[in-house]
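*Asks:* The following block contains the structure, expressed as structure tokens.
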Amino acid sequence: MPYRALREEELFIRIEWFIKLRWIFLIGLLSTIFVATQIFNVSLPLKKILIVGGVLFLYNLIFYSSHRFLKSRMKADLGRMQIETNLQMALDLVALTFLIHYSGGVENPFMFFYIFHAIIGSILLSRIEVWVQGGGAFSLFVLFIVLEYFEIIPHYHLKGFFPKELHQNLLYISVVCLVLLATISTTIYISSSIAKGLRDREKELFLTRNILQRKTEDLEKANLELIEKQKQLVQSEKLASLGQLVSGIAHEINNPIQFIQGNLHIFQEAFENIIPILDIYSENQQNLEIARLKYPFFKEHIQVLVNDMDKGSERIRNIIRDLKTFARRDEGRMDEAVDLNEVVRVCTRLVHNKIKHYQVEESLDPDLPQLRGSENKLEQVVIATLINAAEAIGESPNGAIQIITRAEDGGKSVSLSISDNGSGMSEELKDKIFDPFFTTKHRTGGTGLGLSITYGIIQEHGGHIKVDSQVGKGTTFTYHLPVDRLKGVPNEPDPGY
């Protein structure tokens, strides 16, 4: 409990202060004895007073050593310290009473040290404990006066200051006791009230500080969530705008590409028929040139050029297909009952050739509920993620991919995690991976649309994506998907990347 820990620390510090105050008292006691005996020639039982002072010094040394040990071990227990504080106060009361007895008893003006004791008790103890200590101090003082009055114990008279028989004057004793009782009671009431008020204020301030701290943490968390939601909204707006733009561009490019591919196939067939004729013709025309190229060189390289053109057009066609998929991600059935475990099994079979060199571990929840969505689109997500994982691992001999599915929120949602121990990503790179056309695979022909399409599919299913990655340690993509999407309510992506 935080407030209990605060009280422990506070009481520990105050006990240390009390122990230091006792050292000062011992120095003051020796100084008072010296002044009284050497300057004022007061006759005192020095041996007995020094014995009391020695006992006080000894137990104060024990408390001092104990606290030094506890401070080094950083141990503080509120219950134990409260018991110890009461013990110290009680020992001091007994020591003070003996010192007053040996230095005049009821004649001793220093009897009002009980007042300082009551003030210190109010600082260290609870109100009830202070009243008990004050009652004990007064009772102990009265007991010694009564014993002196009936001469059960000797009275140590302060010669030259008070009449010799003053300790047997009932009127004087009664007045002193009443004044002392009134003074102690008033002091305890005032000082304990002040101390209690300060403790209550301290507790209120502590609780207020904790509330403010929690509020601050909640505000910081809410601010982070707002920043993440803003990123999601910006991303959604990008995708919506680009979807409209890309749809028109893809349509315009698709027709010429189909025309080029169709003509290239005719062109290839034509060359297959023309080459034998050109071979015969070149036998009679040794210097035959075609397109300013010697015929042997032309014959050797023309097929390579045609194949490159065919591959280039196929590459453009694939890009157009991805663009159309990106632009029309709302198409297709979204009401299928999808078994995510089966989707994982199908996809691992489809990309087996890509991931067969790595250690693939599957942990699929056998009680995973089916979700409503598009099986084909979710397969596209899993395949893209597995391929990205394989490419991130590269040629590493210890490559590993882990696939985990689990039910969440009491079966209301499911999650799919795909982890790799590849190269990982920096925070800067992680913030850009869902941007359309952003890719780190320019040399291998990456279009930068794979993760954008994945993002759109997960958003379309009402889910969100969380990405955890560390450079040199690997990446984990976690897809959270609701089992049943709310109909008629726009899917707002949760903060996840």
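Chains: A, B, ... in order of the structure tokens. Residues: from 1 per chain. Ligands: from 1, in order shown.
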With DSSP run on the backbone, what are the alpha helix (DSSP H) residues within range 141-355 of chain A? I'd like them as a ChimeraX atom specification.
*Replies:* /A:141-149,170-284,295-327,340-350,352-355
*Asks:* Got a sec to tell me which of range 179-401 of chain A DSSP assigns to strand (DSSP E or B), as a ChimeraX atom specification?
*Replies:* /A:289-290,293-294,336-338,359-364,371-373,400-401
*Asks:* Those selected residues, please, written with N, CA and C atoms and delivered as a PDB file, in the first residue's frame.
*Replies:*
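Full text of selection-v1.pdb as output:
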```pdb
ATOM      1  N   GLU A 289      22.229  -8.662 -93.285  1.00  0.00           N
ATOM      2  CA  GLU A 289      22.014  -7.876 -92.066  1.00  0.00           C
ATOM      3  C   GLU A 289      20.519  -7.625 -91.870  1.00  0.00           C
ATOM      4  N   ILE A 290      20.098  -7.694 -90.653  1.00  0.00           N
ATOM      5  CA  ILE A 290      18.714  -7.378 -90.292  1.00  0.00           C
ATOM      6  C   ILE A 290      18.757  -6.372 -89.155  1.00  0.00           C
ATOM      7  N   LEU A 293      22.103  -5.419 -87.973  1.00  0.00           N
ATOM      8  CA  LEU A 293      22.829  -6.445 -87.223  1.00  0.00           C
ATOM      9  C   LEU A 293      23.152  -7.613 -88.113  1.00  0.00           C
ATOM     10  N   LYS A 294      24.367  -8.144 -87.973  1.00  0.00           N
ATOM     11  CA  LYS A 294      24.722  -9.352 -88.717  1.00  0.00           C
ATOM     12  C   LYS A 294      23.724 -10.453 -88.361  1.00  0.00           C
ATOM     13  N   GLU A 336     -18.619 -15.315 -45.628  1.00  0.00           N
ATOM     14  CA  GLU A 336     -18.270 -16.732 -45.523  1.00  0.00           C
ATOM     15  C   GLU A 336     -17.893 -17.074 -44.082  1.00  0.00           C
ATOM     16  N   ALA A 337     -18.139 -18.322 -43.699  1.00  0.00           N
ATOM     17  CA  ALA A 337     -17.666 -18.830 -42.411  1.00  0.00           C
ATOM     18  C   ALA A 337     -16.226 -19.302 -42.606  1.00  0.00           C
ATOM     19  N   VAL A 338     -15.296 -18.599 -42.027  1.00  0.00           N
ATOM     20  CA  VAL A 338     -13.879 -18.843 -42.288  1.00  0.00           C
ATOM     21  C   VAL A 338     -13.238 -19.509 -41.076  1.00  0.00           C
ATOM     22  N   GLN A 359      12.695 -23.529 -40.265  1.00  0.00           N
ATOM     23  CA  GLN A 359      11.949 -24.264 -39.249  1.00  0.00           C
ATOM     24  C   GLN A 359      10.612 -23.556 -39.020  1.00  0.00           C
ATOM     25  N   VAL A 360       9.538 -24.224 -39.412  1.00  0.00           N
ATOM     26  CA  VAL A 360       8.201 -23.644 -39.305  1.00  0.00           C
ATOM     27  C   VAL A 360       7.465 -24.330 -38.160  1.00  0.00           C
ATOM     28  N   GLU A 361       7.038 -23.526 -37.198  1.00  0.00           N
ATOM     29  CA  GLU A 361       6.326 -24.055 -36.030  1.00  0.00           C
ATOM     30  C   GLU A 361       4.915 -23.486 -36.008  1.00  0.00           C
ATOM     31  N   GLU A 362       3.947 -24.396 -35.914  1.00  0.00           N
ATOM     32  CA  GLU A 362       2.541 -23.984 -35.878  1.00  0.00           C
ATOM     33  C   GLU A 362       1.944 -24.299 -34.510  1.00  0.00           C
ATOM     34  N   SER A 363       1.247 -23.315 -33.953  1.00  0.00           N
ATOM     35  CA  SER A 363       0.527 -23.503 -32.694  1.00  0.00           C
ATOM     36  C   SER A 363      -0.885 -22.972 -32.917  1.00  0.00           C
ATOM     37  N   LEU A 364      -1.764 -23.882 -33.376  1.00  0.00           N
ATOM     38  CA  LEU A 364      -3.107 -23.488 -33.778  1.00  0.00           C
ATOM     39  C   LEU A 364      -4.106 -23.897 -32.703  1.00  0.00           C
ATOM     40  N   LEU A 371     -14.912 -17.215 -38.103  1.00  0.00           N
ATOM     41  CA  LEU A 371     -15.265 -15.807 -38.222  1.00  0.00           C
ATOM     42  C   LEU A 371     -15.959 -15.567 -39.559  1.00  0.00           C
ATOM     43  N   ARG A 372     -16.663 -14.439 -39.649  1.00  0.00           N
ATOM     44  CA  ARG A 372     -17.360 -14.076 -40.877  1.00  0.00           C
ATOM     45  C   ARG A 372     -16.450 -13.188 -41.703  1.00  0.00           C
ATOM     46  N   GLY A 373     -16.247 -13.561 -42.972  1.00  0.00           N
ATOM     47  CA  GLY A 373     -15.377 -12.762 -43.827  1.00  0.00           C
ATOM     48  C   GLY A 373     -15.141 -13.444 -45.145  1.00  0.00           C
ATOM     49  N   ALA A 400      13.663 -19.272 -38.729  1.00  0.00           N
ATOM     50  CA  ALA A 400      12.503 -19.886 -38.085  1.00  0.00           C
ATOM     51  C   ALA A 400      11.292 -18.991 -38.264  1.00  0.00           C
ATOM     52  N   ILE A 401      10.156 -19.630 -38.502  1.00  0.00           N
ATOM     53  CA  ILE A 401       8.882 -18.924 -38.624  1.00  0.00           C
ATOM     54  C   ILE A 401       7.898 -19.578 -37.664  1.00  0.00           C
TER      55      ILE A 401
END
```
*Asks:* Sort by chain and increasing residue number a table of all residues of range 156-191 of chain A within 12 Å of range 134-147 of chain A, each with its closest pair of atoms and their distance in Å to one decimal, counting only C-alpha atoms, and write it as a Markdown table.
*Replies:*
```
| residue | atom | partner | partner_atom | distance |
| --- | --- | --- | --- | --- |
| A:Tyr156 | CA | A:Ile145 | CA | 11.4 |
| A:Leu166 | CA | A:Ile145 | CA | 11.2 |
| A:His167 | CA | A:Ile145 | CA | 7.6 |
| A:Gln168 | CA | A:Ile145 | CA | 9.0 |
| A:Asn169 | CA | A:Ile145 | CA | 11.0 |
| A:Leu170 | CA | A:Val146 | CA | 10.2 |
| A:Tyr172 | CA | A:Ile145 | CA | 11.5 |
| A:Ile173 | CA | A:Ile145 | CA | 8.1 |
| A:Ser174 | CA | A:Val142 | CA | 9.9 |
| A:Val176 | CA | A:Val142 | CA | 10.1 |
| A:Cys177 | CA | A:Val142 | CA | 7.4 |
| A:Leu178 | CA | A:Phe138 | CA | 10.2 |
| A:Val179 | CA | A:Phe138 | CA | 11.1 |
| A:Leu180 | CA | A:Phe138 | CA | 7.9 |
| A:Leu181 | CA | A:Phe138 | CA | 6.8 |
| A:Ala182 | CA | A:Phe138 | CA | 10.5 |
| A:Thr183 | CA | A:Gly134 | CA | 10.7 |
| A:Ile184 | CA | A:Gly134 | CA | 6.9 |
| A:Ser185 | CA | A:Gly134 | CA | 7.6 |
| A:Thr186 | CA | A:Gly134 | CA | 10.8 |
| A:Thr187 | CA | A:Gly134 | CA | 9.8 |
| A:Ile188 | CA | A:Gly134 | CA | 7.6 |
| A:Tyr189 | CA | A:Gly134 | CA | 10.5 |
```
*Asks:* Considering only C-alpha atoms, return as a list of chain:residue names whatever protein or nucleic-acid residues lie within 10 Å of Leu264 in chain A, sequence-local ones (same chain, fewer than 5 positions apart) excluded.
*Replies:*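 Everything that qualifies: A:Gln258, A:Phe259, A:Glu269, A:Ala270, A:Val306, A:Asn307, A:Met309, A:Asp310, A:Ser313.
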*Asks:* Write the residues you've just listed into a file as a PDB file, in the first residue's frame, and include C-alpha atoms for each of them.
*Replies:*
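Result written to result-v8.pdb:
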```
ATOM      1  CA  GLN A 258      -3.259  -7.122 -73.109  1.00  0.00           C
ATOM      2  CA  PHE A 259      -2.850  -5.890 -76.698  1.00  0.00           C
ATOM      3  CA  GLU A 269       5.187 -17.641 -83.555  1.00  0.00           C
ATOM      4  CA  ALA A 270       6.105 -15.568 -86.613  1.00  0.00           C
ATOM      5  CA  VAL A 306      11.423 -11.178 -77.366  1.00  0.00           C
ATOM      6  CA  ASN A 307      11.452 -13.201 -74.103  1.00  0.00           C
ATOM      7  CA  MET A 309       9.673  -8.157 -73.727  1.00  0.00           C
ATOM      8  CA  ASP A 310       7.264 -10.938 -72.774  1.00  0.00           C
ATOM      9  CA  SER A 313       4.761  -7.210 -70.172  1.00  0.00           C
TER      10      SER A 313
END
```
*Asks:* Looking at only C-alpha atoms, which of A:Glu129, A:Glu151, A:Glu165, A:Glu252 is the one that sits closest to Glu107 in chain A?
*Replies:*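 Among the listed residues, the smallest separation from Glu107 in chain A belongs to A:Glu165.
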*Asks:* List the neighbours of Val55 in chain A out to 12 Å using only C-alpha atoms; skip same-chain residues closer than 6 positions along the sequence, and give me the result as a PyMOL selection string.
*Replies:* chain A and resi 26+48-49+61-62+91-92+94-96+98-99
*Asks:* Could you pull the residues within 9 Å of range 419-428 of chain A, counting only C-alpha atoms, minus those fewer than 6 positions along the same chain, as a list in words?
*Replies:* Leu386, Ala389, Ala390, Glu391, Ala392, Ile393, Gly394, Ser396, Asn398, Gly399, Ala400, Ile401, Gln402, Ile403, Ile404, Asp468, Ser469, Gln470, Val471, Gly472, Lys473, Gly474, Thr475, Thr476, Phe477 and Thr478 of chain A
*Asks:* Atoms to include: N, CA and C atoms. Write the selected residues as a PDB file, in the first residue's frame.
*Replies:*
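Here's the written file part-v9.pdb:
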```pdb
ATOM      1  N   LEU A 386       3.728 -14.607 -44.953  1.00  0.00           N
ATOM      2  CA  LEU A 386       4.711 -15.695 -44.948  1.00  0.00           C
ATOM      3  C   LEU A 386       5.851 -15.417 -45.928  1.00  0.00           C
ATOM      4  N   ALA A 389       8.078 -12.863 -44.440  1.00  0.00           N
ATOM      5  CA  ALA A 389       8.897 -13.462 -43.385  1.00  0.00           C
ATOM      6  C   ALA A 389      10.076 -14.214 -43.981  1.00  0.00           C
ATOM      7  N   ALA A 390       9.820 -14.978 -45.045  1.00  0.00           N
ATOM      8  CA  ALA A 390      10.888 -15.740 -45.702  1.00  0.00           C
ATOM      9  C   ALA A 390      11.934 -14.806 -46.293  1.00  0.00           C
ATOM     10  N   GLU A 391      11.490 -13.720 -46.914  1.00  0.00           N
ATOM     11  CA  GLU A 391      12.431 -12.780 -47.508  1.00  0.00           C
ATOM     12  C   GLU A 391      13.224 -12.038 -46.435  1.00  0.00           C
ATOM     13  N   ALA A 392      12.603 -11.803 -45.267  1.00  0.00           N
ATOM     14  CA  ALA A 392      13.329 -11.145 -44.178  1.00  0.00           C
ATOM     15  C   ALA A 392      14.419 -12.051 -43.610  1.00  0.00           C
ATOM     16  N   ILE A 393      14.159 -13.355 -43.563  1.00  0.00           N
ATOM     17  CA  ILE A 393      15.161 -14.309 -43.056  1.00  0.00           C
ATOM     18  C   ILE A 393      16.293 -14.481 -44.052  1.00  0.00           C
ATOM     19  N   GLY A 394      15.943 -14.551 -45.341  1.00  0.00           N
ATOM     20  CA  GLY A 394      16.959 -14.685 -46.384  1.00  0.00           C
ATOM     21  C   GLY A 394      17.688 -16.011 -46.321  1.00  0.00           C
ATOM     22  N   SER A 396      19.706 -17.081 -43.969  1.00  0.00           N
ATOM     23  CA  SER A 396      20.122 -17.452 -42.618  1.00  0.00           C
ATOM     24  C   SER A 396      19.944 -18.954 -42.392  1.00  0.00           C
ATOM     25  N   ASN A 398      19.664 -20.549 -39.639  1.00  0.00           N
ATOM     26  CA  ASN A 398      18.819 -20.853 -38.477  1.00  0.00           C
ATOM     27  C   ASN A 398      17.465 -20.161 -38.564  1.00  0.00           C
ATOM     28  N   GLY A 399      16.998 -19.977 -39.773  1.00  0.00           N
ATOM     29  CA  GLY A 399      15.738 -19.286 -39.978  1.00  0.00           C
ATOM     30  C   GLY A 399      14.563 -20.032 -39.358  1.00  0.00           C
ATOM     31  N   ALA A 400      13.663 -19.272 -38.729  1.00  0.00           N
ATOM     32  CA  ALA A 400      12.503 -19.886 -38.085  1.00  0.00           C
ATOM     33  C   ALA A 400      11.292 -18.991 -38.264  1.00  0.00           C
ATOM     34  N   ILE A 401      10.156 -19.630 -38.502  1.00  0.00           N
ATOM     35  CA  ILE A 401       8.882 -18.924 -38.624  1.00  0.00           C
ATOM     36  C   ILE A 401       7.898 -19.578 -37.664  1.00  0.00           C
ATOM     37  N   GLN A 402       7.204 -18.771 -36.903  1.00  0.00           N
ATOM     38  CA  GLN A 402       6.231 -19.286 -35.940  1.00  0.00           C
ATOM     39  C   GLN A 402       4.854 -18.709 -36.256  1.00  0.00           C
ATOM     40  N   ILE A 403       3.866 -19.618 -36.314  1.00  0.00           N
ATOM     41  CA  ILE A 403       2.491 -19.223 -36.627  1.00  0.00           C
ATOM     42  C   ILE A 403       1.615 -19.624 -35.444  1.00  0.00           C
ATOM     43  N   ILE A 404       0.878 -18.655 -34.890  1.00  0.00           N
ATOM     44  CA  ILE A 404       0.048 -18.904 -33.709  1.00  0.00           C
ATOM     45  C   ILE A 404      -1.348 -18.339 -33.954  1.00  0.00           C
ATOM     46  N   ASP A 468       5.351  -5.852 -34.122  1.00  0.00           N
ATOM     47  CA  ASP A 468       6.468  -5.770 -33.173  1.00  0.00           C
ATOM     48  C   ASP A 468       7.736  -6.181 -33.912  1.00  0.00           C
ATOM     49  N   SER A 469       8.747  -5.331 -33.870  1.00  0.00           N
ATOM     50  CA  SER A 469       9.964  -5.634 -34.615  1.00  0.00           C
ATOM     51  C   SER A 469      11.170  -5.018 -33.939  1.00  0.00           C
ATOM     52  N   GLN A 470      12.286  -5.741 -33.975  1.00  0.00           N
ATOM     53  CA  GLN A 470      13.564  -5.241 -33.481  1.00  0.00           C
ATOM     54  C   GLN A 470      14.622  -5.549 -34.520  1.00  0.00           C
ATOM     55  N   VAL A 471      15.433  -4.562 -34.807  1.00  0.00           N
ATOM     56  CA  VAL A 471      16.479  -4.737 -35.813  1.00  0.00           C
ATOM     57  C   VAL A 471      17.415  -5.867 -35.394  1.00  0.00           C
ATOM     58  N   GLY A 472      17.608  -6.824 -36.299  1.00  0.00           N
ATOM     59  CA  GLY A 472      18.501  -7.947 -36.039  1.00  0.00           C
ATOM     60  C   GLY A 472      17.886  -9.085 -35.264  1.00  0.00           C
ATOM     61  N   LYS A 473      16.633  -8.928 -34.775  1.00  0.00           N
ATOM     62  CA  LYS A 473      16.005  -9.976 -33.964  1.00  0.00           C
ATOM     63  C   LYS A 473      14.741 -10.556 -34.599  1.00  0.00           C
ATOM     64  N   GLY A 474      14.129  -9.816 -35.492  1.00  0.00           N
ATOM     65  CA  GLY A 474      12.951 -10.375 -36.157  1.00  0.00           C
ATOM     66  C   GLY A 474      11.719  -9.500 -36.032  1.00  0.00           C
ATOM     67  N   THR A 475      10.632  -9.998 -36.620  1.00  0.00           N
ATOM     68  CA  THR A 475       9.382  -9.240 -36.697  1.00  0.00           C
ATOM     69  C   THR A 475       8.205 -10.159 -36.416  1.00  0.00           C
ATOM     70  N   THR A 476       7.183  -9.602 -35.773  1.00  0.00           N
ATOM     71  CA  THR A 476       5.930 -10.325 -35.543  1.00  0.00           C
ATOM     72  C   THR A 476       4.764  -9.477 -36.041  1.00  0.00           C
ATOM     73  N   PHE A 477       3.997 -10.039 -36.979  1.00  0.00           N
ATOM     74  CA  PHE A 477       2.747  -9.432 -37.423  1.00  0.00           C
ATOM     75  C   PHE A 477       1.610 -10.152 -36.703  1.00  0.00           C
ATOM     76  N   THR A 478       0.768  -9.396 -36.002  1.00  0.00           N
ATOM     77  CA  THR A 478      -0.388  -9.967 -35.309  1.00  0.00           C
ATOM     78  C   THR A 478      -1.652  -9.340 -35.861  1.00  0.00           C
TER      79      THR A 478
END
```
